[in-house]
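**Q** coords08.txt is reproduced in full below (compact mmCIF, C-alpha atoms).
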```txt
# COMPACT_ATOMS: atom_id res chain seq x y z
CA MET A 1 101.09 99.86 54.66
CA SER A 2 103.89 97.45 55.45
CA ALA A 3 103.14 94.04 56.94
CA PRO A 4 104.54 94.75 60.43
CA VAL A 5 102.53 97.99 60.69
CA ARG A 6 99.38 96.29 59.44
CA ASP A 7 99.77 93.34 61.83
CA GLY A 8 100.55 95.61 64.76
CA LEU A 9 97.61 97.93 64.14
CA GLY A 10 95.25 95.02 63.58
CA VAL A 11 96.19 93.30 66.83
CA GLY A 12 96.35 96.56 68.76
CA LEU A 13 92.87 97.60 67.65
CA ALA A 14 91.27 94.17 67.99
CA VAL A 15 92.69 93.39 71.44
CA GLY A 16 92.82 96.95 72.75
CA VAL A 17 89.05 97.24 73.01
CA SER A 18 89.01 94.40 75.56
CA GLY A 19 90.11 97.00 78.11
CA ILE A 20 86.37 97.62 78.37
CA ALA A 21 85.96 94.15 79.84
CA PHE A 22 88.77 94.81 82.30
CA GLY A 23 87.47 98.22 83.40
CA THR A 24 84.01 96.78 83.91
CA ALA A 25 85.32 93.77 85.86
CA ALA A 26 87.58 95.93 88.02
CA VAL A 27 84.88 98.37 89.13
CA THR A 28 82.36 95.57 89.60
CA ALA A 29 84.91 93.84 91.84
CA GLY A 30 85.18 96.93 94.03
CA LEU A 31 88.17 98.86 92.68
CA SER A 32 87.71 102.60 92.23
CA VAL A 33 87.86 104.07 88.73
CA GLY A 34 91.27 105.55 89.61
CA GLN A 35 92.62 102.21 90.81
CA SER A 36 91.37 100.46 87.69
CA VAL A 37 93.02 102.99 85.39
CA VAL A 38 96.32 103.09 87.30
CA LEU A 39 96.50 99.29 87.26
CA SER A 40 96.11 99.25 83.47
CA LEU A 41 98.67 102.03 83.02
CA VAL A 42 101.34 100.60 85.32
CA ALA A 43 100.86 96.84 85.14
CA PHE A 44 99.75 96.69 81.48
CA THR A 45 99.38 92.94 81.31
CA GLY A 46 95.87 91.56 81.16
CA ALA A 47 96.34 88.20 82.88
CA SER A 48 97.87 89.73 86.02
CA GLN A 49 95.31 92.53 86.12
CA PHE A 50 92.37 90.15 85.90
CA ALA A 51 93.98 87.93 88.56
CA LEU A 52 94.23 90.77 91.08
CA VAL A 53 90.70 91.93 90.34
CA GLY A 54 89.42 88.36 90.74
CA VAL A 55 90.86 88.17 94.25
CA VAL A 56 89.35 91.54 95.18
CA ALA A 57 86.00 90.38 93.80
CA GLY A 58 86.18 87.17 95.82
CA GLY A 59 86.90 89.12 98.99
CA GLY A 60 90.35 87.56 99.36
CA ASN A 61 93.48 89.17 100.82
CA VAL A 62 94.46 91.80 98.25
CA LEU A 63 98.18 91.57 98.99
CA ALA A 64 98.07 87.82 98.43
CA GLY A 65 96.22 88.72 95.24
CA ALA A 66 99.16 90.91 94.23
CA VAL A 67 101.53 87.98 94.74
CA GLY A 68 99.34 85.81 92.50
CA ALA A 69 99.29 88.52 89.86
CA LEU A 70 103.09 88.71 89.94
CA LEU A 71 103.36 84.95 89.53
CA LEU A 72 101.45 85.34 86.28
CA GLY A 73 103.66 88.26 85.27
CA GLY A 74 106.52 85.77 85.10
CA ARG A 75 105.49 84.70 81.63
CA ASN A 76 106.47 88.13 80.37
CA THR A 77 109.94 87.50 81.78
CA LEU A 78 110.18 84.43 79.55
CA TYR A 79 109.00 86.46 76.55
CA GLY A 80 111.63 89.08 77.37
CA LEU A 81 114.41 86.50 77.26
CA ARG A 82 113.42 85.73 73.68
CA LEU A 83 112.70 89.29 72.56
CA ALA A 84 116.00 90.66 73.86
CA ASP A 85 117.91 89.19 70.92
CA VAL A 86 115.17 89.84 68.40
CA LEU A 87 114.80 93.55 69.22
CA GLY A 88 118.38 94.26 70.27
CA TRP A 89 117.51 97.49 72.11
CA ARG A 90 119.64 98.79 74.96
CA GLY A 91 119.54 101.55 77.56
CA GLY A 92 116.52 103.82 77.56
CA SER A 93 114.87 102.19 74.57
CA ARG A 94 115.07 98.86 76.31
CA ALA A 95 113.66 100.26 79.55
CA LEU A 96 110.72 101.72 77.63
CA ALA A 97 110.20 98.63 75.47
CA ALA A 98 110.17 96.43 78.59
CA HIS A 99 106.78 97.83 79.55
CA GLY A 100 105.39 96.48 76.29
CA VAL A 101 106.59 92.88 76.66
CA ILE A 102 103.30 90.97 76.74
CA ASP A 103 101.52 88.16 74.85
CA GLU A 104 100.34 90.29 71.92
CA THR A 105 103.56 92.19 71.23
CA THR A 106 105.58 88.97 71.49
CA ALA A 107 103.32 87.13 69.07
CA VAL A 108 103.35 89.92 66.47
CA THR A 109 107.09 90.54 66.80
CA LEU A 110 108.05 86.88 66.46
CA ALA A 111 105.89 86.57 63.34
CA GLN A 112 108.20 89.00 61.47
CA SER A 113 111.51 88.28 59.84
CA GLY A 114 114.43 90.62 60.25
CA ARG A 115 115.21 93.02 63.07
CA ARG A 116 113.80 96.08 61.35
CA ASP A 117 110.36 94.57 60.83
CA ALA A 118 110.44 93.04 64.29
CA ARG A 119 111.13 96.43 65.89
CA THR A 120 108.43 98.14 63.83
CA ALA A 121 105.91 95.43 64.66
CA PHE A 122 106.74 95.62 68.36
CA ALA A 123 106.51 99.40 68.51
CA VAL A 124 103.25 99.64 66.55
CA THR A 125 101.57 96.85 68.52
CA PHE A 126 102.75 98.24 71.86
CA GLY A 127 101.75 101.82 71.04
CA THR A 128 98.32 101.01 69.65
CA LEU A 129 97.52 98.54 72.38
CA TYR A 130 98.75 100.77 75.21
CA VAL A 131 96.67 103.75 74.15
CA LEU A 132 93.57 101.72 73.45
CA TRP A 133 93.77 99.37 76.44
CA ASN A 134 94.03 102.30 78.82
CA ALA A 135 91.35 104.38 77.10
CA THR A 136 88.91 101.47 77.06
CA THR A 137 89.73 100.57 80.68
CA LEU A 138 88.55 104.07 81.61
CA ILE A 139 85.45 103.73 79.44
CA GLY A 140 84.60 100.33 80.91
CA ALA A 141 85.19 101.54 84.47
CA VAL A 142 83.04 104.63 84.07
CA ALA A 143 80.29 103.04 81.99
CA VAL A 144 79.77 99.88 84.08
CA GLY A 145 76.32 98.51 83.42
CA HIS A 146 75.74 100.61 80.32
CA ILE A 147 77.62 98.41 77.90
CA GLY A 148 76.13 95.30 76.35
CA ASP A 149 77.82 91.93 76.12
CA PRO A 150 80.74 92.26 73.67
CA ASN A 151 80.63 88.50 73.11
CA ALA A 152 77.42 88.97 71.13
CA LEU A 153 79.65 90.33 68.37
CA GLY A 154 81.86 87.26 68.47
CA LEU A 155 84.73 89.11 70.14
CA ASP A 156 85.51 86.15 72.40
CA ALA A 157 86.67 84.23 69.33
CA VAL A 158 88.94 87.09 68.26
CA GLY A 159 91.51 86.61 71.02
CA PRO A 160 92.35 82.97 70.30
CA ALA A 161 92.09 83.57 66.53
CA ILE A 162 94.71 86.32 66.74
CA PHE A 163 97.19 84.17 68.64
CA LEU A 164 96.52 81.24 66.34
CA ALA A 165 97.17 83.36 63.25
CA LEU A 166 100.36 84.80 64.73
CA LEU A 167 101.67 81.43 65.86
CA TRP A 168 100.73 79.80 62.53
CA PRO A 169 104.07 80.22 60.72
CA ARG A 170 105.88 78.59 63.62
CA LEU A 171 103.41 75.72 63.81
CA LYS A 172 104.24 74.87 60.21
CA GLU A 173 107.96 74.91 60.97
CA GLY A 174 108.27 71.31 61.90
CA ARG A 175 107.08 68.51 64.06
CA SER A 176 109.06 69.42 67.15
CA THR A 177 107.58 72.93 67.30
CA LEU A 178 104.09 71.57 66.73
CA ALA A 179 104.69 69.03 69.51
CA VAL A 180 105.67 71.81 71.91
CA ALA A 181 102.52 73.75 71.00
CA LEU A 182 100.19 70.77 71.41
CA LEU A 183 101.80 69.76 74.69
CA GLY A 184 101.54 73.34 75.97
CA ALA A 185 97.85 73.46 75.05
CA ALA A 186 97.20 70.07 76.68
CA ILE A 187 98.98 71.05 79.90
CA ALA A 188 97.01 74.28 80.15
CA LEU A 189 93.63 72.66 79.55
CA GLY A 190 94.43 69.71 81.80
CA LEU A 191 95.35 71.98 84.71
CA THR A 192 92.54 74.50 84.16
CA PRO A 193 90.03 72.86 86.55
CA LEU A 194 92.71 72.44 89.21
CA LEU A 195 94.41 75.83 89.45
CA PRO A 196 93.45 79.52 89.48
CA PRO A 197 93.06 81.13 86.02
CA GLY A 198 96.38 82.11 84.48
CA VAL A 199 98.51 79.60 86.35
CA PRO A 200 97.92 76.74 83.87
CA VAL A 201 99.19 78.92 81.00
CA MET A 202 102.30 79.77 83.00
CA LEU A 203 102.98 76.10 83.77
CA ALA A 204 102.62 75.23 80.08
CA ALA A 205 106.12 76.69 79.75
CA VAL A 206 107.50 73.30 80.74
CA ALA A 207 106.37 72.05 77.31
CA ALA A 208 109.30 74.04 75.93
CA LEU A 209 111.65 71.73 77.83
CA ILE A 210 111.09 68.93 75.33
CA GLY A 211 113.85 68.97 72.84
CA VAL A 212 116.14 71.39 74.67
CA THR A 213 118.77 68.73 75.05
CA ARG A 214 118.94 67.76 71.41
CA PRO A 215 120.13 69.98 68.64
CA ALA A 216 116.95 70.56 66.68
CA GLY A 217 115.77 73.30 64.39
CA PRO A 218 117.73 76.37 63.40
CA PRO A 219 120.75 77.31 65.46
CA ALA A 220 120.12 79.68 68.33
CA PRO A 221 120.97 83.31 67.61
CA ALA A 222 124.41 84.39 68.68
CA ALA A 223 123.69 85.01 72.31
CA GLY A 224 127.13 86.32 73.13
CA ASP A 225 126.90 88.88 70.36
CA GLU A 226 126.30 91.91 72.54
CA ASP A 227 125.63 94.31 69.72
CA GLY A 228 123.45 91.75 68.09
CA ASP A 229 124.20 92.86 64.57
CA GLY A 230 123.65 89.39 63.82
CA ALA A 231 121.27 87.04 62.24
CA ASP A 232 117.80 88.13 61.48
CA GLY A 233 117.13 87.86 65.14
CA THR A 234 113.75 86.26 64.81
CA GLY A 235 114.98 82.74 64.70
CA GLY A 236 112.59 80.39 63.04
CA ALA A 237 109.73 82.85 63.04
CA ALA A 238 109.72 83.59 59.37
CA PRO A 239 106.21 84.45 58.22
CA THR A 240 106.05 82.14 55.27
CA SER A 241 107.73 78.85 54.80
CA GLY A 242 110.66 79.12 52.48
CA SER A 243 111.48 82.74 53.16
CA GLY A 244 113.10 81.96 56.47
CA VAL A 245 116.48 81.23 55.03
CA ARG A 246 119.18 81.47 57.63
CA ALA A 247 122.88 81.01 57.59
CA MET B 1 94.77 100.38 107.21
CA SER B 2 91.54 100.80 105.27
CA GLY B 3 90.56 98.35 102.58
CA TYR B 4 90.75 101.19 100.09
CA MET B 5 94.41 101.91 100.96
CA MET B 6 95.23 98.20 100.97
CA THR B 7 93.82 97.94 97.47
CA TRP B 8 95.94 100.91 96.36
CA MET B 9 99.02 99.18 97.77
CA ALA B 10 98.15 95.99 95.91
CA VAL B 11 97.58 97.95 92.69
CA ILE B 12 100.95 99.72 92.96
CA ALA B 13 102.80 96.55 93.99
CA THR B 14 101.29 94.60 91.10
CA GLY B 15 102.05 97.38 88.61
CA VAL B 16 105.66 97.93 89.64
CA GLY B 17 106.30 94.21 90.04
CA CYS B 18 104.90 93.41 86.61
CA TYR B 19 107.17 96.02 85.02
CA LEU B 20 110.23 94.65 86.82
CA LEU B 21 109.39 91.11 85.67
CA LYS B 22 109.18 92.27 82.05
CA PHE B 23 112.42 94.21 82.36
CA ALA B 24 114.20 91.26 83.99
CA GLY B 25 113.64 89.13 80.90
CA LEU B 26 114.55 91.78 78.37
CA ALA B 27 117.67 92.83 80.29
CA ALA B 28 118.80 89.40 81.52
CA PRO B 29 122.57 88.92 81.29
CA ARG B 30 123.28 87.58 77.80
CA ARG B 31 125.77 85.13 79.32
CA MET B 32 122.81 83.28 80.77
CA LEU B 33 121.71 82.49 77.24
CA ASP B 34 125.14 81.16 76.29
CA HIS B 35 124.14 77.76 77.54
CA PRO B 36 122.53 76.01 74.56
CA TRP B 37 119.77 74.45 76.68
CA ILE B 38 118.68 77.80 78.11
CA SER B 39 118.93 79.42 74.71
CA ARG B 40 116.78 76.71 73.12
CA PHE B 41 114.27 76.95 75.96
CA ALA B 42 113.99 80.73 75.47
CA MET B 43 113.54 80.20 71.72
CA THR B 44 110.70 77.73 72.18
CA VAL B 45 108.91 78.94 75.28
CA PRO B 46 106.77 81.57 73.50
CA VAL B 47 105.32 78.76 71.35
CA ALA B 48 104.31 76.78 74.44
CA LEU B 49 102.81 79.80 76.22
CA LEU B 50 100.93 81.17 73.22
CA ALA B 51 99.55 77.73 72.33
CA ALA B 52 98.39 77.34 75.94
CA LEU B 53 96.73 80.74 75.72
CA ILE B 54 94.92 79.76 72.51
CA ALA B 55 93.63 76.58 74.15
CA VAL B 56 92.44 78.29 77.32
CA GLN B 57 90.85 81.25 75.54
CA SER B 58 89.06 78.84 73.19
CA ALA B 59 87.84 76.19 75.57
CA ALA B 60 87.82 77.48 79.13
CA ASP B 61 85.98 80.02 81.22
CA GLY B 62 87.73 80.68 84.50
CA GLN B 63 88.42 77.28 86.06
CA ALA B 64 85.78 75.46 84.02
CA ILE B 65 86.24 73.77 80.67
CA ASP B 66 83.68 75.60 78.54
CA LEU B 67 83.05 74.27 75.05
CA ASP B 68 80.99 77.17 73.73
CA PRO B 69 79.96 76.15 70.19
CA ALA B 70 79.91 79.71 68.84
CA ARG B 71 83.39 80.53 70.15
CA LEU B 72 84.85 77.18 69.08
CA GLY B 73 83.17 77.64 65.70
CA GLY B 74 84.87 81.02 65.36
CA VAL B 75 88.28 79.56 66.18
CA ALA B 76 87.68 76.62 63.82
CA ALA B 77 86.77 79.09 61.06
CA ALA B 78 90.03 80.95 61.75
CA LEU B 79 91.92 77.68 61.40
CA ALA B 80 90.20 76.98 58.09
CA ALA B 81 91.04 80.48 56.86
CA LEU B 82 94.70 79.92 57.80
CA LEU B 83 94.76 76.63 55.92
CA LEU B 84 93.39 78.52 52.91
CA ARG B 85 96.26 81.03 53.33
CA ALA B 86 93.98 83.95 54.12
CA PRO B 87 95.71 87.15 55.25
CA PHE B 88 95.89 87.94 58.96
CA LEU B 89 93.06 90.47 59.16
CA VAL B 90 90.75 88.24 57.12
CA VAL B 91 91.41 85.40 59.56
CA ILE B 92 90.41 87.60 62.49
CA ALA B 93 87.30 88.93 60.73
CA VAL B 94 86.21 85.41 59.78
CA ALA B 95 86.56 84.29 63.42
CA ALA B 96 84.48 87.17 64.78
CA ALA B 97 81.83 86.92 62.06
CA THR B 98 81.44 83.16 62.48
CA ALA B 99 81.09 83.35 66.26
CA GLY B 100 78.74 86.33 66.00
CA VAL B 101 76.51 84.69 63.40
CA LEU B 102 76.39 81.36 65.28
CA ARG B 103 75.40 83.22 68.43
CA ALA B 104 72.78 85.27 66.61
CA LEU B 105 71.33 81.96 65.41
CA GLY B 106 71.04 80.89 69.00
CA ILE B 107 73.98 78.51 68.94
CA GLY B 108 76.28 78.79 71.94
```
Mind turning this structure into structure tokens?
**A**
Amino acid sequence: MSAPVRDGLGVGLAVGVSGIAFGTAAVTAGLSVGQSVVLSLVAFTGASQFALVGVVAGGGNVLAGAVGALLLGGRNTLYGLRLADVLGWRGGSRALAAHGVIDETTAVTLAQSGRRDARTAFAVTFGTLYVLWNATTLIGAVAVGHIGDPNALGLDAVGPAIFLALLWPRLKEGRSTLAVALLGAAIALGLTPLLPPGVPVMLAAVAALIGVTRPAGPPAPAAGDEDGDGADGTGGAAPTSGSGVRA
Amino acid sequence: MSGYMMTWMAVIATGVGCYLLKFAGLAAPRRMLDHPWISRFAMTVPVALLAALIAVQSAADGQAIDLDPARLGGVAAALAALLLRAPFLVVIAVAAATAGVLRALGIG
């Protein structure tokens, strides 16, 4: 099995089962089983889904809850900006792929080198995660109260471990990337007690502003290159140091 | 309008809106990225967001800072595995096993 397929399947399977937690939370909050399942199918982005459900659970205005959920969805817009060059899909493929632009697919895709591997990784992660997330949302929604605490198995450590492993090659890239990561983490933790869940992660995006004005790291991919034949597309996201040779 | 219908509207609005937000990034005019600052920001922003996600998933529960020893132990074990150049799936298994064992021992 090739590395992109292995990574994609691993992440898809490990994260996909957390749909159980969402389904359970949604029905407990007062959504119907149908509403829980449709939200997973159509929104397909955990942070926004949990945000909406949290507002419903707290008895807040559900339409205001939808606005909050959309605010969180903005981080996928930022991922999309980056993935557009890496994946280089257009037309129908791009419209389909857009639905899969989330934390997990971005992390796995950017950990590959070369467009071919990046596309494979994206497709496998998206496909596995989509099927499993929706299936387990249904299971969680229907089986509320009959499922034990998944954290007993240590699953709460799996999420951060996955993102850490996927981000690892980039953290070793150089000091400026590491600084962005540490600043992002500090911003998110610092704001956590002050803002609703999800918002601190979104605001951590400002950490990426450090260094934008100085020419650091590898050159940006040819943004004007519409066909994007170019470059390996994944920028500095080579999986192992030394193999990320770029022109 | 009933609460049930309101919730359906919120579900549909959230779903459609979230898709459009994803599409907006993937289909943004490439000219926008011609500016080197914007291009560099787009290159780096996934690092900032994913690092923030790691921090929050490791050390927070909702709006509270939550330093659960079992969970932090699992993440620390993942870090150690990465430093030892363990393959991806081993890193994940080590994290889950460490957190699970610590919890079974009554820690965290």
**Q** Figure out the distance between atom CA of Ala55 of chain B and atom CA of Ile210 of chain A, please, to one decimal in Å.
**A**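 If I compute the distance from atom CA of Ile210 of chain A to atom CA of Ala55 of chain B, I get 19.1 Å.
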**Q** Please list as a list in words every residue within 8 Å of Phe88 of chain B, counting all atoms listed in the file and excluding residues in the same chain fewer than 2 positions away.
**A**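 Within the cut-off, the hits are Asp7, Ala165 and Leu166 of chain A; Ala86, Val90, Val91 and Ile92 of chain B.
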**Q** With C-alpha atoms kept, could you save the residues just selected as a CSV table (one decimal), keeping the file's coordinate frame?
**A**
```csv
chain,number,residue,atom,x,y,z
A,7,ASP,CA,99.8,93.3,61.8
A,165,ALA,CA,97.2,83.4,63.2
A,166,LEU,CA,100.4,84.8,64.7
B,86,ALA,CA,94.0,84.0,54.1
B,90,VAL,CA,90.8,88.2,57.1
B,91,VAL,CA,91.4,85.4,59.6
B,92,ILE,CA,90.4,87.6,62.5
```
**Q** Separation of atom CA of Ala42 of chain B and atom CA of Tyr79 of chain A, in Å?
**A**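 Separation of atom CA of Ala42 of chain B and atom CA of Tyr79 of chain A: 7.7 Å.
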**Q** Just need the box for segment 43-53 of chain B, edges along x, y and z, holding every atom the file lists for it with 8 Å tacked onto each side, so centre and edge lengths in Å to one decimal, as JSON.
**A**
```
{"center_x": 105.1, "center_y": 79.2, "center_z": 73.8, "size_x": 32.8, "size_y": 20.8, "size_z": 20.9}
```
**Q** I'd like the interatomic distance between atom CA of Val17 of chain A and atom CA of Ala123 of chain A, to a tenth of an Å.
**A** 18.2 Å
**Q** For Gly19 of chain A, list every protein, DNA or RNA residue within 7 Å, evaluated using all atoms listed in the file, and leave out those in the same chain fewer than 5 positions away; present the list as a tab-separated table (two decimals) with C-alpha atoms, in the frame of the given file.
**A**
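File produced: around.tsv:
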```tsv
chain	number	residue	atom	x	y	z
A	133	TRP	CA	93.77	99.37	76.44
A	134	ASN	CA	94.03	102.30	78.82
A	136	THR	CA	88.91	101.47	77.06
A	137	THR	CA	89.73	100.57	80.68
```
**Q** Select residues of chain A: the criterion is any atom within 7 Å of an atom of chain B, counting all atoms listed in the file; output as a ChimeraX atom specification.
**A** /A:10,35,39,42-43,62-63,66,69-70,73-74,76-84,95,98-99,101,152-158,160-165,180-181,184-185,188-189,192-193,196-197,201-202,204-205,207-209,212-213,220,223-224
**Q** Taking all atoms listed in the file into account, which of A:Ala29, A:Val38, A:Ser2, A:Ala47 comes nearest Gly59 of chain A?
**A**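 Of A:Ala29, A:Val38, A:Ser2, A:Ala47, the one nearest Gly59 of chain A is A:Ala29, counting all atoms listed in the file.
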**Q** At a cut-off of 10 Å, using only C-alpha atoms, what residues contact segment 23-26 of chain A? Leave out same-chain residues fewer than 3 positions from it and give the result as a ChimeraX atom specification.
**A** /A:18-20,29-33,35-37,39-40,49-50,52-54,56-57,133-147
**Q** Selection from above, C-alpha atoms, as a short mmCIF file (atom, residue, chain, number, x, y, z; two decimals), in the coordinates of the input, can you write it?
**A**
```cif
data_model
loop_
_atom_site.label_atom_id
_atom_site.label_comp_id
_atom_site.auth_asym_id
_atom_site.auth_seq_id
_atom_site.Cartn_x
_atom_site.Cartn_y
_atom_site.Cartn_z
CA SER A 18 89.01 94.40 75.56
CA GLY A 19 90.11 97.00 78.11
CA ILE A 20 86.37 97.62 78.37
CA ALA A 29 84.91 93.84 91.84
CA GLY A 30 85.18 96.93 94.03
CA LEU A 31 88.17 98.86 92.68
CA SER A 32 87.71 102.60 92.23
CA VAL A 33 87.86 104.07 88.73
CA GLN A 35 92.62 102.21 90.81
CA SER A 36 91.37 100.46 87.69
CA VAL A 37 93.02 102.99 85.39
CA LEU A 39 96.50 99.29 87.26
CA SER A 40 96.11 99.25 83.47
CA GLN A 49 95.31 92.53 86.12
CA PHE A 50 92.37 90.15 85.90
CA LEU A 52 94.23 90.77 91.08
CA VAL A 53 90.70 91.93 90.34
CA GLY A 54 89.42 88.36 90.74
CA VAL A 56 89.35 91.54 95.18
CA ALA A 57 86.00 90.38 93.80
CA TRP A 133 93.77 99.37 76.44
CA ASN A 134 94.03 102.30 78.82
CA ALA A 135 91.35 104.38 77.10
CA THR A 136 88.91 101.47 77.06
CA THR A 137 89.73 100.57 80.68
CA LEU A 138 88.55 104.07 81.61
CA ILE A 139 85.45 103.73 79.44
CA GLY A 140 84.60 100.33 80.91
CA ALA A 141 85.19 101.54 84.47
CA VAL A 142 83.04 104.63 84.07
CA ALA A 143 80.29 103.04 81.99
CA VAL A 144 79.77 99.88 84.08
CA GLY A 145 76.32 98.51 83.42
CA HIS A 146 75.74 100.61 80.32
CA ILE A 147 77.62 98.41 77.90
#
```
**Q** So which one's closest to Arg116 of chain A, A:Val15, A:Ala3, A:Leu87, A:Leu194? Using only C-alpha atoms, please.
**A**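 Closest residue, counting only C-alpha atoms: A:Leu87.
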**Q** Which residue out of A:Leu171, A:Ala121, A:Leu183, A:Ala51 has the minimum interatomic distance to Gly100 of chain A when only C-alpha atoms are used?
**A**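 Of A:Leu171, A:Ala121, A:Leu183, A:Ala51, the one nearest Gly100 of chain A, counting only C-alpha atoms, is A:Ala121.
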**Q** Missing atoms in segment 67-85 of chain B should be modelled up to N, CA and C atoms and reported as a short mmCIF file (atom, residue, chain, number, x, y, z; two decimals), keeping the file's coordinate frame.
**A**
```cif
data_model
loop_
_atom_site.label_atom_id
_atom_site.label_comp_id
_atom_site.auth_asym_id
_atom_site.auth_seq_id
_atom_site.Cartn_x
_atom_site.Cartn_y
_atom_site.Cartn_z
N LEU B 67 83.03 74.49 76.49
CA LEU B 67 83.05 74.27 75.05
C LEU B 67 81.90 75.01 74.38
N ASP B 68 82.03 76.32 74.33
CA ASP B 68 80.99 77.17 73.73
C ASP B 68 81.02 77.00 72.22
N PRO B 69 79.93 76.48 71.62
CA PRO B 69 79.96 76.15 70.19
C PRO B 69 80.23 77.36 69.31
N ALA B 70 79.70 78.52 69.67
CA ALA B 70 79.91 79.71 68.84
C ALA B 70 81.38 80.12 68.85
N ARG B 71 81.97 80.14 70.03
CA ARG B 71 83.39 80.53 70.15
C ARG B 71 84.29 79.52 69.46
N LEU B 72 84.03 78.22 69.73
CA LEU B 72 84.85 77.18 69.08
C LEU B 72 84.67 77.22 67.56
N GLY B 73 83.43 77.51 67.14
CA GLY B 73 83.17 77.64 65.70
C GLY B 73 83.98 78.77 65.11
N GLY B 74 84.08 79.88 65.82
CA GLY B 74 84.87 81.02 65.36
C GLY B 74 86.34 80.67 65.23
N VAL B 75 86.86 79.95 66.22
CA VAL B 75 88.28 79.56 66.18
C VAL B 75 88.52 78.54 65.06
N ALA B 76 87.56 77.62 64.90
CA ALA B 76 87.68 76.62 63.82
C ALA B 76 87.67 77.31 62.45
N ALA B 77 86.82 78.34 62.32
CA ALA B 77 86.77 79.09 61.06
C ALA B 77 88.11 79.81 60.81
N ALA B 78 88.71 80.31 61.88
CA ALA B 78 90.03 80.95 61.75
C ALA B 78 91.06 79.94 61.26
N LEU B 79 91.00 78.74 61.82
CA LEU B 79 91.92 77.68 61.40
C LEU B 79 91.73 77.35 59.92
N ALA B 80 90.48 77.26 59.50
CA ALA B 80 90.20 76.98 58.09
C ALA B 80 90.74 78.09 57.21
N ALA B 81 90.54 79.33 57.64
CA ALA B 81 91.04 80.48 56.86
C ALA B 81 92.56 80.43 56.74
N LEU B 82 93.23 80.02 57.83
CA LEU B 82 94.70 79.92 57.80
C LEU B 82 95.14 78.84 56.83
N LEU B 83 94.42 77.72 56.84
CA LEU B 83 94.76 76.63 55.92
C LEU B 83 94.57 77.06 54.47
N LEU B 84 93.63 78.00 54.26
CA LEU B 84 93.39 78.52 52.91
C LEU B 84 94.31 79.71 52.60
N ARG B 85 95.27 79.96 53.49
CA ARG B 85 96.26 81.03 53.33
C ARG B 85 95.64 82.42 53.29
#
```
